[in-house]
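**Student:** So here's model-v4.pdb, just PDB, C-alpha atoms:
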```pdb
ATOM      1  CA  MET A   1      93.183  89.112  99.858
ATOM      2  CA  GLU A   2      91.070  90.454  97.026
ATOM      3  CA  LEU A   3      90.587  94.231  97.271
ATOM      4  CA  THR A   4      88.605  94.941  94.113
ATOM      5  CA  GLY A   5      86.579  98.115  94.513
ATOM      6  CA  LYS A   6      88.660  99.390  97.424
ATOM      7  CA  VAL A   7      90.435 102.760  97.260
ATOM      8  CA  VAL A   8      93.929 103.075  98.692
ATOM      9  CA  VAL A   9      96.202 106.094  99.177
ATOM     10  CA  VAL A  10      99.958 105.525  99.471
ATOM     11  CA  THR A  11     101.938 108.561 100.565
ATOM     12  CA  GLY A  12     105.410 108.802  99.070
ATOM     13  CA  GLY A  13     104.252 106.108  96.687
ATOM     14  CA  THR A  14     106.172 107.160  93.591
ATOM     15  CA  ARG A  15     109.409 105.220  94.146
ATOM     16  CA  GLY A  16     111.204 102.739  96.369
ATOM     17  CA  VAL A  17     109.193 101.051  99.089
ATOM     18  CA  GLY A  18     106.156 103.197  98.335
ATOM     19  CA  ALA A  19     106.099 102.127  94.694
ATOM     20  CA  GLY A  20     106.319  98.482  95.758
ATOM     21  CA  ILE A  21     103.379  98.981  98.104
ATOM     22  CA  ALA A  22     101.362 100.691  95.378
ATOM     23  CA  ARG A  23     102.015  97.837  92.933
ATOM     24  CA  ALA A  24     100.985  95.252  95.524
ATOM     25  CA  PHE A  25      97.641  96.967  96.060
ATOM     26  CA  LEU A  26      97.145  97.297  92.306
ATOM     27  CA  GLY A  27      97.810  93.568  91.975
ATOM     28  CA  ALA A  28      95.164  92.911  94.637
ATOM     29  CA  GLY A  29      92.605  94.799  92.544
ATOM     30  CA  ALA A  30      92.455  98.076  94.448
ATOM     31  CA  ASP A  31      92.239 101.544  92.957
ATOM     32  CA  VAL A  32      95.443 103.251  94.080
ATOM     33  CA  VAL A  33      96.290 106.940  94.433
ATOM     34  CA  VAL A  34      99.911 107.816  95.152
ATOM     35  CA  CYS A  35     101.013 111.231  96.334
ATOM     36  CA  ALA A  36     104.372 112.947  96.589
ATOM     37  CA  ARG A  37     105.886 116.288  95.719
ATOM     38  CA  ARG A  38     107.235 114.899  92.439
ATOM     39  CA  PRO A  39     105.634 112.433  89.997
ATOM     40  CA  PRO A  40     107.055 108.960  89.366
ATOM     41  CA  ASP A  41     109.559 108.561  86.562
ATOM     42  CA  ALA A  42     107.088 106.218  84.860
ATOM     43  CA  PRO A  43     103.466 105.272  85.611
ATOM     44  CA  LEU A  44     103.124 102.624  88.315
ATOM     45  CA  ARG A  45     101.397  99.550  86.906
ATOM     46  CA  ALA A  46     100.590  96.039  88.079
ATOM     47  CA  GLY A  47      97.898  93.506  87.269
ATOM     48  CA  GLY A  48      96.800  95.519  84.248
ATOM     49  CA  ARG A  49      96.061  98.530  86.452
ATOM     50  CA  THR A  50      97.740 101.912  86.846
ATOM     51  CA  ALA A  51      98.075 104.048  89.981
ATOM     52  CA  GLU A  52      96.907 107.641  89.819
ATOM     53  CA  TYR A  53      99.434 110.273  90.861
ATOM     54  CA  ARG A  54      98.401 113.462  92.661
ATOM     55  CA  PRO A  55     100.951 116.035  93.874
ATOM     56  CA  LEU A  56     101.013 116.791  97.600
ATOM     57  CA  ASP A  57     103.321 118.297 100.180
ATOM     58  CA  LEU A  58     102.453 116.515 103.420
ATOM     59  CA  ARG A  59     103.901 119.389 105.436
ATOM     60  CA  GLU A  60     100.977 121.642 104.434
ATOM     61  CA  PRO A  61      97.934 120.641 106.541
ATOM     62  CA  ALA A  62      95.389 122.581 104.470
ATOM     63  CA  ALA A  63      96.620 120.947 101.278
ATOM     64  CA  VAL A  64      96.491 117.535 102.948
ATOM     65  CA  ARG A  65      92.865 118.035 103.989
ATOM     66  CA  ASP A  66      91.931 119.151 100.474
ATOM     67  CA  PHE A  67      93.757 116.181  98.994
ATOM     68  CA  PHE A  68      91.840 113.567 100.987
ATOM     69  CA  ALA A  69      88.523 115.314 100.472
ATOM     70  CA  GLY A  70      89.233 115.296  96.737
ATOM     71  CA  VAL A  71      90.182 111.607  96.640
ATOM     72  CA  ALA A  72      87.043 110.618  98.559
ATOM     73  CA  ALA A  73      84.839 112.779  96.338
ATOM     74  CA  ASP A  74      86.358 111.602  93.062
ATOM     75  CA  CYS A  75      86.674 107.926  93.971
ATOM     76  CA  GLY A  76      83.538 107.683  96.078
ATOM     77  CA  ARG A  77      85.299 106.259  99.123
ATOM     78  CA  LEU A  78      88.616 105.735 100.913
ATOM     79  CA  ASP A  79      89.414 102.340 102.417
ATOM     80  CA  THR A  80      93.101 102.385 103.296
ATOM     81  CA  LEU A  81      95.785 104.963 103.992
ATOM     82  CA  VAL A  82      99.389 103.776 103.881
ATOM     83  CA  ASN A  83     101.617 106.334 105.596
ATOM     84  CA  ASN A  84     104.842 105.538 103.783
ATOM     85  CA  ALA A  85     106.420 108.937 103.074
ATOM     86  CA  GLY A  86     109.538 109.552 105.130
ATOM     87  CA  GLY A  87     113.264 109.109 105.298
ATOM     88  CA  THR A  88     116.378 110.916 106.459
ATOM     89  CA  PRO A  89     119.920 111.761 105.414
ATOM     90  CA  TYR A  90     122.825 110.434 107.459
ATOM     91  CA  ARG A  91     123.586 113.152 109.999
ATOM     92  CA  LEU A  92     125.124 112.855 113.458
ATOM     93  CA  LEU A  93     123.334 114.820 116.149
ATOM     94  CA  ASP A  94     126.033 117.448 116.582
ATOM     95  CA  GLU A  95     126.335 118.017 112.834
ATOM     96  CA  GLY A  96     123.052 119.883 112.627
ATOM     97  CA  GLY A  97     121.000 122.191 114.800
ATOM     98  CA  ALA A  98     117.785 121.121 116.440
ATOM     99  CA  GLU A  99     115.816 122.772 113.648
ATOM    100  CA  ARG A 100     117.282 120.432 111.023
ATOM    101  CA  HIS A 101     116.545 117.353 113.124
ATOM    102  CA  ALA A 102     113.046 118.663 113.803
ATOM    103  CA  ARG A 103     112.334 118.596 110.070
ATOM    104  CA  VAL A 104     113.077 114.872 110.093
ATOM    105  CA  VAL A 105     110.604 114.392 112.926
ATOM    106  CA  GLU A 106     108.050 116.497 111.053
ATOM    107  CA  LEU A 107     108.261 114.320 107.950
ATOM    108  CA  ASN A 108     108.336 110.962 109.719
ATOM    109  CA  LEU A 109     105.907 111.549 112.595
ATOM    110  CA  VAL A 110     103.911 114.765 112.235
ATOM    111  CA  ALA A 111     103.114 114.238 108.540
ATOM    112  CA  PRO A 112     101.598 110.759 109.106
ATOM    113  CA  LEU A 113      99.475 112.231 111.896
ATOM    114  CA  THR A 114      98.349 115.063 109.627
ATOM    115  CA  ALA A 115      97.423 112.624 106.856
ATOM    116  CA  SER A 116      95.636 110.242 109.215
ATOM    117  CA  LEU A 117      93.522 113.002 110.738
ATOM    118  CA  ALA A 118      92.547 114.260 107.289
ATOM    119  CA  ALA A 119      91.685 110.755 106.095
ATOM    120  CA  ARG A 120      89.841 109.632 109.213
ATOM    121  CA  PRO A 121      86.279 110.746 108.307
ATOM    122  CA  HIS A 122      86.493 108.922 104.982
ATOM    123  CA  LEU A 123      88.108 105.820 106.477
ATOM    124  CA  ARG A 124      85.472 105.771 109.197
ATOM    125  CA  ALA A 125      82.687 105.797 106.617
ATOM    126  CA  ALA A 126      84.268 102.802 104.874
ATOM    127  CA  ARG A 127      85.321 101.068 108.103
ATOM    128  CA  GLY A 128      88.807 101.106 106.686
ATOM    129  CA  SER A 129      92.345 101.030 108.009
ATOM    130  CA  VAL A 130      95.635 102.872 108.363
ATOM    131  CA  VAL A 131      98.978 101.178 107.780
ATOM    132  CA  MET A 132     101.984 103.005 109.213
ATOM    133  CA  ILE A 133     105.396 102.239 107.714
ATOM    134  CA  GLY A 134     107.753 102.071 110.654
ATOM    135  CA  SER A 135     111.371 100.993 110.990
ATOM    136  CA  VAL A 136     113.600  98.831 113.157
ATOM    137  CA  SER A 137     115.384 102.138 113.844
ATOM    138  CA  GLY A 138     112.491 102.953 116.167
ATOM    139  CA  GLY A 139     113.316 100.019 118.434
ATOM    140  CA  ARG A 140     117.076 100.299 118.791
ATOM    141  CA  ALA A 141     119.845 102.863 118.749
ATOM    142  CA  SER A 142     120.023 104.693 115.433
ATOM    143  CA  PRO A 143     123.407 106.478 115.244
ATOM    144  CA  GLY A 144     123.568 108.878 112.336
ATOM    145  CA  SER A 145     119.788 109.038 112.141
ATOM    146  CA  ALA A 146     118.747 109.622 115.739
ATOM    147  CA  ALA A 147     115.854 111.947 114.932
ATOM    148  CA  TYR A 148     114.537 109.418 112.413
ATOM    149  CA  GLY A 149     114.724 106.620 114.976
ATOM    150  CA  ALA A 150     112.943 108.759 117.551
ATOM    151  CA  ALA A 151     110.233 109.645 115.043
ATOM    152  CA  LYS A 152     109.685 106.001 114.106
ATOM    153  CA  ALA A 153     109.459 105.040 117.779
ATOM    154  CA  GLY A 154     106.863 107.752 118.167
ATOM    155  CA  LEU A 155     105.002 106.494 115.105
ATOM    156  CA  GLU A 156     104.505 103.089 116.702
ATOM    157  CA  GLY A 157     103.183 104.704 119.865
ATOM    158  CA  LEU A 158     100.913 106.965 117.837
ATOM    159  CA  ALA A 159      99.499 103.994 115.922
ATOM    160  CA  ARG A 160      98.709 102.081 119.115
ATOM    161  CA  SER A 161      96.828 105.053 120.553
ATOM    162  CA  MET A 162      94.987 105.682 117.287
ATOM    163  CA  ALA A 163      93.945 102.033 117.202
ATOM    164  CA  VAL A 164      92.237 102.438 120.572
ATOM    165  CA  GLU A 165      90.713 105.878 119.980
ATOM    166  CA  TRP A 166      89.404 105.111 116.487
ATOM    167  CA  ALA A 167      88.074 101.609 117.120
ATOM    168  CA  PRO A 168      85.911  99.965 116.042
ATOM    169  CA  GLU A 169      85.471 101.926 112.798
ATOM    170  CA  VAL A 170      89.135 102.263 111.789
ATOM    171  CA  ARG A 171      91.915  99.742 112.308
ATOM    172  CA  VAL A 172      95.504 101.020 112.678
ATOM    173  CA  ASN A 173      98.638  98.882 112.395
ATOM    174  CA  THR A 174     102.370  99.337 111.806
ATOM    175  CA  LEU A 175     104.789  97.540 109.531
ATOM    176  CA  VAL A 176     108.240  97.638 111.135
ATOM    177  CA  LEU A 177     110.727  97.417 108.279
ATOM    178  CA  GLY A 178     114.305  96.303 108.200
ATOM    179  CA  MET A 179     116.510  96.969 105.197
ATOM    180  CA  VAL A 180     114.849  97.055 101.773
ATOM    181  CA  ARG A 181     116.513  96.940  98.358
ATOM    182  CA  THR A 182     115.524 100.026  96.358
ATOM    183  CA  GLU A 183     116.991 102.290  93.703
ATOM    184  CA  LEU A 184     118.542 104.308  96.547
ATOM    185  CA  SER A 185     120.258 101.372  98.288
ATOM    186  CA  ALA A 186     123.694 102.481  97.113
ATOM    187  CA  LEU A 187     123.324 105.764  99.011
ATOM    188  CA  HIS A 188     122.856 103.860 102.261
ATOM    189  CA  TYR A 189     124.997 100.743 101.833
ATOM    190  CA  GLY A 190     127.563 101.484  99.112
ATOM    191  CA  ASP A 191     128.555  99.450  96.055
ATOM    192  CA  ALA A 192     127.680  95.835  95.289
ATOM    193  CA  GLN A 193     130.278  94.557  97.758
ATOM    194  CA  GLY A 194     128.947  96.792 100.519
ATOM    195  CA  LEU A 195     125.390  95.736  99.751
ATOM    196  CA  ALA A 196     126.357  92.060  99.930
ATOM    197  CA  ARG A 197     128.120  92.560 103.265
ATOM    198  CA  VAL A 198     125.099  94.364 104.685
ATOM    199  CA  ALA A 199     122.758  91.650 103.408
ATOM    200  CA  ALA A 200     124.902  89.027 105.141
ATOM    201  CA  THR A 201     124.008  90.576 108.518
ATOM    202  CA  VAL A 202     120.337  89.681 107.991
ATOM    203  CA  PRO A 203     119.387  86.166 109.153
ATOM    204  CA  LEU A 204     117.586  85.456 105.866
ATOM    205  CA  GLY A 205     120.705  86.547 104.008
ATOM    206  CA  ARG A 206     119.224  89.302 101.874
ATOM    207  CA  LEU A 207     117.381  92.608 101.897
ATOM    208  CA  ALA A 208     113.634  92.758 101.426
ATOM    209  CA  GLU A 209     112.125  93.650  98.076
ATOM    210  CA  PRO A 210     109.611  96.541  97.993
ATOM    211  CA  GLU A 211     106.861  94.217  96.757
ATOM    212  CA  GLU A 212     107.354  92.019  99.841
ATOM    213  CA  VAL A 213     106.621  95.026 102.019
ATOM    214  CA  GLY A 214     103.620  95.652  99.802
ATOM    215  CA  ALA A 215     102.316  92.130 100.350
ATOM    216  CA  ALA A 216     102.411  92.662 104.116
ATOM    217  CA  ALA A 217     100.577  95.987 103.744
ATOM    218  CA  VAL A 218      97.895  94.345 101.600
ATOM    219  CA  PHE A 219      97.423  91.699 104.277
ATOM    220  CA  LEU A 220      96.929  94.279 107.039
ATOM    221  CA  ALA A 221      94.411  96.170 104.886
ATOM    222  CA  SER A 222      92.497  93.049 103.872
ATOM    223  CA  PRO A 223      89.565  91.224 105.512
ATOM    224  CA  ALA A 224      92.086  88.524 106.503
ATOM    225  CA  ALA A 225      93.337  90.991 109.151
ATOM    226  CA  ALA A 226      89.880  92.097 110.282
ATOM    227  CA  TYR A 227      90.682  91.437 113.966
ATOM    228  CA  ILE A 228      94.189  92.910 113.889
ATOM    229  CA  SER A 229      94.561  96.463 115.173
ATOM    230  CA  GLY A 230      97.226  98.213 117.215
ATOM    231  CA  ALA A 231      99.757  95.606 116.101
ATOM    232  CA  CYS A 232     103.343  95.836 114.834
ATOM    233  CA  LEU A 233     104.280  93.364 112.122
ATOM    234  CA  HIS A 234     108.044  93.052 111.688
ATOM    235  CA  VAL A 235     109.228  92.688 108.103
ATOM    236  CA  HIS A 236     112.964  92.443 108.700
ATOM    237  CA  GLY A 237     114.170  89.034 107.591
ATOM    238  CA  GLY A 238     114.705  87.815 111.134
ATOM    239  CA  GLY A 239     116.163  91.029 112.508
ATOM    240  CA  GLU A 240     119.846  91.659 113.114
ATOM    241  CA  ARG A 241     122.403  89.096 114.211
ATOM    242  CA  PRO A 242     123.823  90.199 117.602
ATOM    243  CA  ALA A 243     127.334  91.565 117.082
ATOM    244  CA  PHE A 244     128.727  89.789 120.152
ATOM    245  CA  LEU A 245     128.168  86.393 118.526
ATOM    246  CA  ASP A 246     130.763  87.162 115.861
ATOM    247  CA  ALA A 247     133.039  89.096 118.220
ATOM    248  CA  ALA A 248     133.356  86.333 120.836
ATOM    249  CA  THR A 249     136.524  84.221 120.729
ATOM    250  CA  VAL A 250     135.143  81.335 122.788
ATOM    251  CA  ASN A 251     135.295  77.883 121.175
ATOM    252  CA  ARG A 252     131.791  77.084 119.918
ATOM    253  CA  THR A 253     132.478  73.590 118.606
ATOM    254  CA  THR A 254     130.046  70.775 119.331
ATOM    255  CA  GLU A 255     132.589  69.148 121.655
ATOM    256  CA  ALA A 256     132.892  72.331 123.746
ATOM    257  CA  VAL A 257     129.132  72.664 124.029
ATOM    258  CA  ASN A 258     128.792  69.031 125.113
ATOM    259  CA  GLU A 259     131.499  69.515 127.764
ATOM    260  CA  LEU A 260     129.680  72.544 129.185
ATOM    261  CA  GLU A 261     126.441  70.565 129.347
ATOM    262  CA  GLU A 262     128.122  67.655 131.116
ATOM    263  CA  ASN A 263     129.602  70.038 133.692
ATOM    264  CA  GLY A 264     126.183  71.467 134.382
ATOM    265  CA  ARG A 265     126.903  74.886 132.864
TER     266      ARG A 265
END
```
Output the file's structure in the form of structure tokens.

**Tutor:**
Amino acid sequence: MELTGKVVVVTGGTRGVGAGIARAFLGAGADVVVCARRPPDAPLRAGGRTAEYRPLDLREPAAVRDFFAGVAADCGRLDTLVNNAGGTPYRLLDEGGAERHARVVELNLVAPLTASLAARPHLRAARGSVVMIGSVSGGRASPGSAAYGAAKAGLEGLARSMAVEWAPEVRVNTLVLGMVRTELSALHYGDAQGLARVAATVPLGRLAEPEEVGAAAVFLASPAAAYISGACLHVHGGGERPAFLDAATVNRTTEAVNELEENGR
């Protein structure tokens, strides 16, 4: 999955999952531009390469258009856009007005659309691709982050439609993420004990690392995925163990299972 000579933009690429994605593309040989409202605490480096940071507020469409025009002009091309910027605070629906929840939808759904539209002419010229960073919250109930879950569900639908409308010049795919270990994990899952308990709910027994998300993004942007478009690739460690399995009091010993089978159950 060599990407030498390719130009990649990662939105929200200055920390957390975005930084892991940026480092993965750097390691694959790509020239990487990361954008966010604030710069990274330290330059993002991998494979002897350094990502370029450019400030951008994705909620300002004119600035977004200027940003992508500038990247294409300065770098000579644009091959991949990774729509990673997003997130939400924990907030129950009745703890905030519709306007506050709408801002979550704006960041997690409208902003990726704005960026994709601005990048499209340059991606089309390079026959490039868009990688949306989705979430398992878009496919199940998301209490405490309902607007975020709705936005991520919408993002998957948006990506599927884009994949059809923009084919064959631009491929569009979604990475559906489960829980990822970042510098902000404590805000979501608590102390080390809380983090361990949360990790135990994942079939693989741990949270993903940002670079593992990055490896999946590199794959979707690479020639190895040349015939993949409109797809959702789940990066969630096997998903979530159904709660009823641990709540049930039925005897699940081998003897009980054998007895059920013998009785034709």

**Student:** Report as a list in words the full result of the PyMOL selection byres ((chain A and resi 111) around 10) when it is applied to this structure.

**Tutor:** Thr11, Asp57, Leu58, Arg59, Glu60, Pro61, Val64, Asn83, Ala85, Gly86, Val105, Glu106, Leu107, Asn108, Leu109, Val110, Pro112, Leu113, Thr114, Ala115, Ser116 and Leu117 of chain A

**Student:** Could you work out how far atom CA of A:Ala19 lies from atom CA of A:Ser185, giving the answer in Å with one decimal?

**Tutor:** 14.6 Å

**Student:** Which neighbours of stretch 235-243 of chain A fall inside 12 Å, counting all atoms listed in the file, when residues of the same chain fewer than 5 positions from it are skipped, and could you give them as a PyMOL selection string?

**Tutor:** chain A and resi 133-137+139-140+174-181+198-217+248

**Student:** Please write as number ranges by chain the list of polymer residues whose atoms come within 9 Å of (92.3, 85.1, 96.0), counting all atoms listed in the file and keeping to the coordinates of the file.

**Tutor:** A: 1-2, 28

**Student:** Using all atoms listed in the file, which residue out of A:Ser145, A:Ser161, A:Thr50, A:Thr182 lies closest to A:Thr88?

**Tutor:**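 Checking each candidate against A:Thr88, we get A:Ser145 as the closest.
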
**Student:** What box, with edges along x, y and z, holds each listed atom of stretch 54-58 of chain A when 4 Å is added on every side, and can you state its centre and edge lengths in Å to one decimal, as lines of an AutoDock Vina configuration file?

**Tutor:**
```
center_x = 100.9
center_y = 115.9
center_z = 98.0
size_x = 12.9
size_y = 12.8
size_z = 18.8
```

**Student:** Using the chain letters and numbers from this file, what does the PyMOL selection byres ((chain A and resi 170) around 10) select? Give the answer as an mmCIF file with C-alpha atoms, in the coordinates of the input.

**Tutor:**
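Contents of out_32.cif, as written:
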```
data_model
loop_
_atom_site.group_PDB
_atom_site.id
_atom_site.type_symbol
_atom_site.label_atom_id
_atom_site.label_comp_id
_atom_site.auth_asym_id
_atom_site.auth_seq_id
_atom_site.Cartn_x
_atom_site.Cartn_y
_atom_site.Cartn_z
ATOM 1 C CA ASP A 79 89.414 102.340 102.417
ATOM 2 C CA THR A 80 93.101 102.385 103.296
ATOM 3 C CA ARG A 120 89.841 109.632 109.213
ATOM 4 C CA PRO A 121 86.279 110.746 108.307
ATOM 5 C CA HIS A 122 86.493 108.922 104.982
ATOM 6 C CA LEU A 123 88.108 105.820 106.477
ATOM 7 C CA ARG A 124 85.472 105.771 109.197
ATOM 8 C CA ALA A 125 82.687 105.797 106.617
ATOM 9 C CA ALA A 126 84.268 102.802 104.874
ATOM 10 C CA ARG A 127 85.321 101.068 108.103
ATOM 11 C CA GLY A 128 88.807 101.106 106.686
ATOM 12 C CA SER A 129 92.345 101.030 108.009
ATOM 13 C CA VAL A 130 95.635 102.872 108.363
ATOM 14 C CA MET A 162 94.987 105.682 117.287
ATOM 15 C CA ALA A 163 93.945 102.033 117.202
ATOM 16 C CA VAL A 164 92.237 102.438 120.572
ATOM 17 C CA GLU A 165 90.713 105.878 119.980
ATOM 18 C CA TRP A 166 89.404 105.111 116.487
ATOM 19 C CA ALA A 167 88.074 101.609 117.120
ATOM 20 C CA PRO A 168 85.911 99.965 116.042
ATOM 21 C CA GLU A 169 85.471 101.926 112.798
ATOM 22 C CA ARG A 171 91.915 99.742 112.308
ATOM 23 C CA VAL A 172 95.504 101.020 112.678
ATOM 24 C CA SER A 229 94.561 96.463 115.173
#
```

**Student:** Point out the residue among A:Ala73, A:Leu3, A:Ala247, A:Ala141 with the least atom-to-atom distance to A:Pro223, counting all atoms listed in the file.

**Tutor:**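 That would be A:Leu3, the residue with the smallest distance to A:Pro223.
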
**Student:** Which value, in Å to one decimal, gives the distance between atom CA of A:Asp191 and atom CA of A:Tyr90?

**Tutor:**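 Here the two named atoms are 16.8 Å from each other.
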